Amino acid sequence: MNPLEGLLDLQSHDTRIAQLEHRHAQLPERAALRRLERELAKRDEQIADAEQHHAELARLQRRYDDDLSSVLAKRERERGLLYSGQVTAIRELQSLEEEVAALGRRQRVVEDKLLEVMEELESAGAALAELRTGRDELALRIDAISDRLTAAAAEIDEECERVRSDRAAVAGQIAAELLELYELLRTQIDGVAVARLEGTSCLGCNLTLPLMEVDRLRRLPDIGEAPAGGIDKGSATCPSCGRILVL
Ligand SMILES: [Zn+2]
């Protein structure tokens, strides 16, 4: 095979590998996953806030419960004393009656507060449950998209592996010195080291070469069959982009 045609073949493999790597890096699942993970982190923060709010309300409820118990117990004690017959002095009885009435008022105030906090607690609980459900759904979506990403990436990896192995076979047919020049040029010219000359146009950079230059290139001895060492790096390359030209 014409060694320069081999280079074109090699180049097409390298271009394919670069395309596959680009596709691998740009898989839409990656961006979707990043977006969902940000959403999940935000959701976790909201859940932590909601849990804290819920815990505060639960503490408040316990406090009102305790308050109510102690008010009820005290009121029961005072009432017992009031009707026990042990207290007979009118003034003392009056003061006990007032105390029982005051405790009754206190009881209603605490009961109202308790009811209010219980309602708040219920809606805080519902809000928390909704946030947690949303988080579970988000986690499921993340799992699903992760699986899709893994599968898509594996498919590309597999194809890339095949192309690399084909490329190794092609590279094995090319003389070491020519291969070295190719690799060097590839790092210098956007990953594409070799281009076909079609008519008078370099297909690497689309420049139309002067006819005299094309004529000179055509007349280079053994341009197609030249062994690596026989290639004149200066003259077998496009004067504009520097790529190795295949006539
Ligand atoms: Zn060119």
# chains A, B, ... in the order shown; residues from 1 in each chain; ligands from 1

$ residues_around --residues "range 89-97 of chain A" --least-positions-apart "3" --cutoff "8 Å" --atoms "only C-alpha atoms" --output "list in words"
Glu78, Arg79, Leu82, Val100 and Ala101 of chain A

$ write_last_selection --atoms "all heavy atoms" --output "PDB file, in the first residue's frame"
ATOM      1  N   GLU A  78     -56.095  21.844  94.063  1.00  0.00           N
ATOM      2  CA  GLU A  78     -56.761  22.991  94.686  1.00  0.00           C
ATOM      3  C   GLU A  78     -58.266  22.717  94.844  1.00  0.00           C
ATOM      4  O   GLU A  78     -58.862  23.055  95.854  1.00  0.00           O
ATOM      5  CB  GLU A  78     -56.557  24.261  93.840  1.00  0.00           C
ATOM      6  CG  GLU A  78     -55.111  24.597  93.544  1.00  0.00           C
ATOM      7  CD  GLU A  78     -54.335  25.110  94.752  1.00  0.00           C
ATOM      8  OE1 GLU A  78     -54.486  26.287  95.102  1.00  0.00           O
ATOM      9  OE2 GLU A  78     -53.572  24.292  95.352  1.00  0.00           O
ATOM     10  N   ARG A  79     -58.857  22.094  93.783  1.00  0.00           N
ATOM     11  CA  ARG A  79     -60.280  21.756  93.848  1.00  0.00           C
ATOM     12  C   ARG A  79     -60.546  20.749  94.966  1.00  0.00           C
ATOM     13  O   ARG A  79     -61.520  20.874  95.722  1.00  0.00           O
ATOM     14  CB  ARG A  79     -60.754  21.155  92.514  1.00  0.00           C
ATOM     15  CG  ARG A  79     -61.308  22.166  91.544  1.00  0.00           C
ATOM     16  CD  ARG A  79     -61.547  21.492  90.190  1.00  0.00           C
ATOM     17  NE  ARG A  79     -62.526  20.422  90.316  1.00  0.00           N
ATOM     18  CZ  ARG A  79     -63.832  20.598  90.158  1.00  0.00           C
ATOM     19  NH1 ARG A  79     -64.291  21.787  89.837  1.00  0.00           N
ATOM     20  NH2 ARG A  79     -64.677  19.598  90.297  1.00  0.00           N
ATOM     21  N   LEU A  82     -60.464  22.514  98.068  1.00  0.00           N
ATOM     22  CA  LEU A  82     -61.633  23.390  98.194  1.00  0.00           C
ATOM     23  C   LEU A  82     -62.842  22.606  98.717  1.00  0.00           C
ATOM     24  O   LEU A  82     -63.597  23.090  99.546  1.00  0.00           O
ATOM     25  CB  LEU A  82     -61.943  23.998  96.810  1.00  0.00           C
ATOM     26  CG  LEU A  82     -63.118  24.979  96.698  1.00  0.00           C
ATOM     27  CD1 LEU A  82     -62.894  26.206  97.587  1.00  0.00           C
ATOM     28  CD2 LEU A  82     -63.305  25.417  95.256  1.00  0.00           C
ATOM     29  N   VAL A 100     -58.559  28.277  91.673  1.00  0.00           N
ATOM     30  CA  VAL A 100     -59.088  27.235  90.785  1.00  0.00           C
ATOM     31  C   VAL A 100     -59.569  27.867  89.468  1.00  0.00           C
ATOM     32  O   VAL A 100     -59.285  27.362  88.375  1.00  0.00           O
ATOM     33  CB  VAL A 100     -60.242  26.458  91.466  1.00  0.00           C
ATOM     34  CG1 VAL A 100     -60.977  25.572  90.451  1.00  0.00           C
ATOM     35  CG2 VAL A 100     -59.710  25.599  92.596  1.00  0.00           C
ATOM     36  N   ALA A 101     -60.255  29.021  89.585  1.00  0.00           N
ATOM     37  CA  ALA A 101     -60.737  29.706  88.384  1.00  0.00           C
ATOM     38  C   ALA A 101     -59.558  30.168  87.524  1.00  0.00           C
ATOM     39  O   ALA A 101     -59.569  30.016  86.290  1.00  0.00           O
ATOM     40  CB  ALA A 101     -61.614  30.898  88.773  1.00  0.00           C
TER      41      ALA A 101
END

$ residues_around --residues "range 131-134 of chain A" --least-positions-apart "5" --cutoff "10 Å" --atoms "only C-alpha atoms" --output "list of chain:residue names"
A:Leu40, A:Arg43, A:Asp44, A:Gln46, A:Ile47, A:Ala50, A:Gly125, A:Ala126, A:Ala139, A:Leu140

$ residues_near_ligand --ligand "ligand 1" --cutoff "6 Å" --atoms "only C-alpha atoms and all ligand atoms" --output "list in words"
Cys202, Gly204, Cys205, Leu207, Cys238, Ser240, Cys241 and Arg243 of chain A

$ write_last_selection --atoms "N, CA and C atoms" --output "PDB file, in the first residue's frame"
ATOM      1  N   CYS A 202      -5.709  21.934  -1.095  1.00  0.00           N
ATOM      2  CA  CYS A 202      -5.368  21.138   0.089  1.00  0.00           C
ATOM      3  C   CYS A 202      -6.671  20.949   0.851  1.00  0.00           C
ATOM      4  N   GLY A 204      -6.970  19.871   3.674  1.00  0.00           N
ATOM      5  CA  GLY A 204      -6.754  20.127   5.117  1.00  0.00           C
ATOM      6  C   GLY A 204      -7.149  21.529   5.484  1.00  0.00           C
ATOM      7  N   CYS A 205      -6.779  22.497   4.633  1.00  0.00           N
ATOM      8  CA  CYS A 205      -7.066  23.888   4.969  1.00  0.00           C
ATOM      9  C   CYS A 205      -7.869  24.590   3.877  1.00  0.00           C
ATOM     10  N   LEU A 207      -6.991  25.546   1.050  1.00  0.00           N
ATOM     11  CA  LEU A 207      -6.263  26.539   0.257  1.00  0.00           C
ATOM     12  C   LEU A 207      -6.025  26.001  -1.155  1.00  0.00           C
ATOM     13  N   CYS A 238       1.753  20.873   2.814  1.00  0.00           N
ATOM     14  CA  CYS A 238       1.030  22.055   2.349  1.00  0.00           C
ATOM     15  C   CYS A 238       1.739  23.316   2.837  1.00  0.00           C
ATOM     16  N   SER A 240       0.628  26.098   3.361  1.00  0.00           N
ATOM     17  CA  SER A 240      -0.215  26.930   4.229  1.00  0.00           C
ATOM     18  C   SER A 240      -0.422  26.296   5.618  1.00  0.00           C
ATOM     19  N   CYS A 241      -0.944  25.055   5.636  1.00  0.00           N
ATOM     20  CA  CYS A 241      -1.249  24.476   6.949  1.00  0.00           C
ATOM     21  C   CYS A 241      -0.164  23.538   7.456  1.00  0.00           C
ATOM     22  N   ARG A 243       0.346  20.417   6.603  1.00  0.00           N
ATOM     23  CA  ARG A 243      -0.013  18.995   6.628  1.00  0.00           C
ATOM     24  C   ARG A 243       0.693  18.235   5.499  1.00  0.00           C
TER      25      ARG A 243
END

$ residues_around --residues "range 209-213 of chain A" --least-positions-apart "6" --cutoff "12 Å" --atoms "only C-alpha atoms" --output "CSV table (one decimal) with N, CA, C and O atoms, in the first residue's frame"
chain,number,residue,atom,x,y,z
A,197,LEU,N,-4.6,16.1,-1.5
A,197,LEU,CA,-4.5,17.2,-2.4
A,197,LEU,C,-5.5,16.9,-3.6
A,197,LEU,O,-5.3,15.9,-4.3
A,198,GLU,N,-6.5,17.7,-3.7
A,198,GLU,CA,-7.5,17.3,-4.7
A,198,GLU,C,-7.5,18.5,-5.8
A,198,GLU,O,-7.8,19.6,-5.4
A,199,GLY,N,-7.1,18.1,-7.0
A,199,GLY,CA,-6.9,19.2,-8.0
A,199,GLY,C,-5.8,20.0,-7.5
A,199,GLY,O,-4.6,19.5,-7.3
A,200,THR,N,-6.0,21.3,-7.2
A,200,THR,CA,-5.0,22.1,-6.6
A,200,THR,C,-5.3,22.6,-5.2
A,200,THR,O,-4.7,23.5,-4.7
A,201,SER,N,-6.3,21.9,-4.6
A,201,SER,CA,-6.7,22.3,-3.3
A,201,SER,C,-6.2,21.3,-2.2
A,201,SER,O,-6.4,20.1,-2.3
A,202,CYS,N,-5.7,21.9,-1.1
A,202,CYS,CA,-5.4,21.1,0.1
A,202,CYS,C,-6.7,20.9,0.9
A,202,CYS,O,-7.3,21.9,1.3
A,203,LEU,N,-7.1,19.7,1.0
A,203,LEU,CA,-8.4,19.5,1.7
A,203,LEU,C,-8.2,19.6,3.2
A,203,LEU,O,-9.2,19.6,4.0
A,219,ARG,N,6.0,16.4,-9.1
A,219,ARG,CA,7.2,16.0,-9.7
A,219,ARG,C,8.2,15.5,-8.7
A,219,ARG,O,9.3,15.0,-9.0
A,220,LEU,N,7.8,15.5,-7.4
A,220,LEU,CA,8.7,15.1,-6.3
A,220,LEU,C,9.0,13.6,-6.6
A,220,LEU,O,8.0,12.8,-6.9
A,235,SER,N,8.9,19.9,1.4
A,235,SER,CA,8.2,20.0,0.1
A,235,SER,C,7.0,19.1,0.0
A,235,SER,O,6.2,19.4,-0.9
A,236,ALA,N,6.9,18.1,0.8
A,236,ALA,CA,5.7,17.2,0.7
A,236,ALA,C,4.5,17.7,1.5
A,236,ALA,O,3.6,17.0,1.7
A,237,THR,N,4.7,18.9,2.1
A,237,THR,CA,3.6,19.3,3.0
A,237,THR,C,3.0,20.6,2.4
A,237,THR,O,3.6,21.3,1.6
A,238,CYS,N,1.8,20.9,2.8
A,238,CYS,CA,1.0,22.1,2.3
A,238,CYS,C,1.7,23.3,2.8
A,238,CYS,O,2.0,23.4,4.0
A,239,PRO,N,2.0,24.3,1.9
A,239,PRO,CA,2.8,25.5,2.4
A,239,PRO,C,1.9,26.3,3.3
A,239,PRO,O,2.5,27.2,4.0
A,240,SER,N,0.6,26.1,3.4
A,240,SER,CA,-0.2,26.9,4.2
A,240,SER,C,-0.4,26.3,5.6
A,240,SER,O,-0.1,26.9,6.6
A,241,CYS,N,-0.9,25.1,5.6
A,241,CYS,CA,-1.2,24.5,6.9
A,241,CYS,C,-0.2,23.5,7.5
A,241,CYS,O,-0.2,23.2,8.6
A,245,LEU,N,0.8,16.2,2.4
A,245,LEU,CA,-0.1,16.2,1.3
A,245,LEU,C,-0.1,14.8,0.6
A,245,LEU,O,1.0,14.3,0.3

$ atom_distance --atom1 "CA of Ser69 in chain A" --atom2 "CA of Ala124 in chain A"
24.6 Å

$ atom_distance --atom1 "CA of Gly6 in chain A" --atom2 "CA of Asn206 in chain A"
21.4 Å
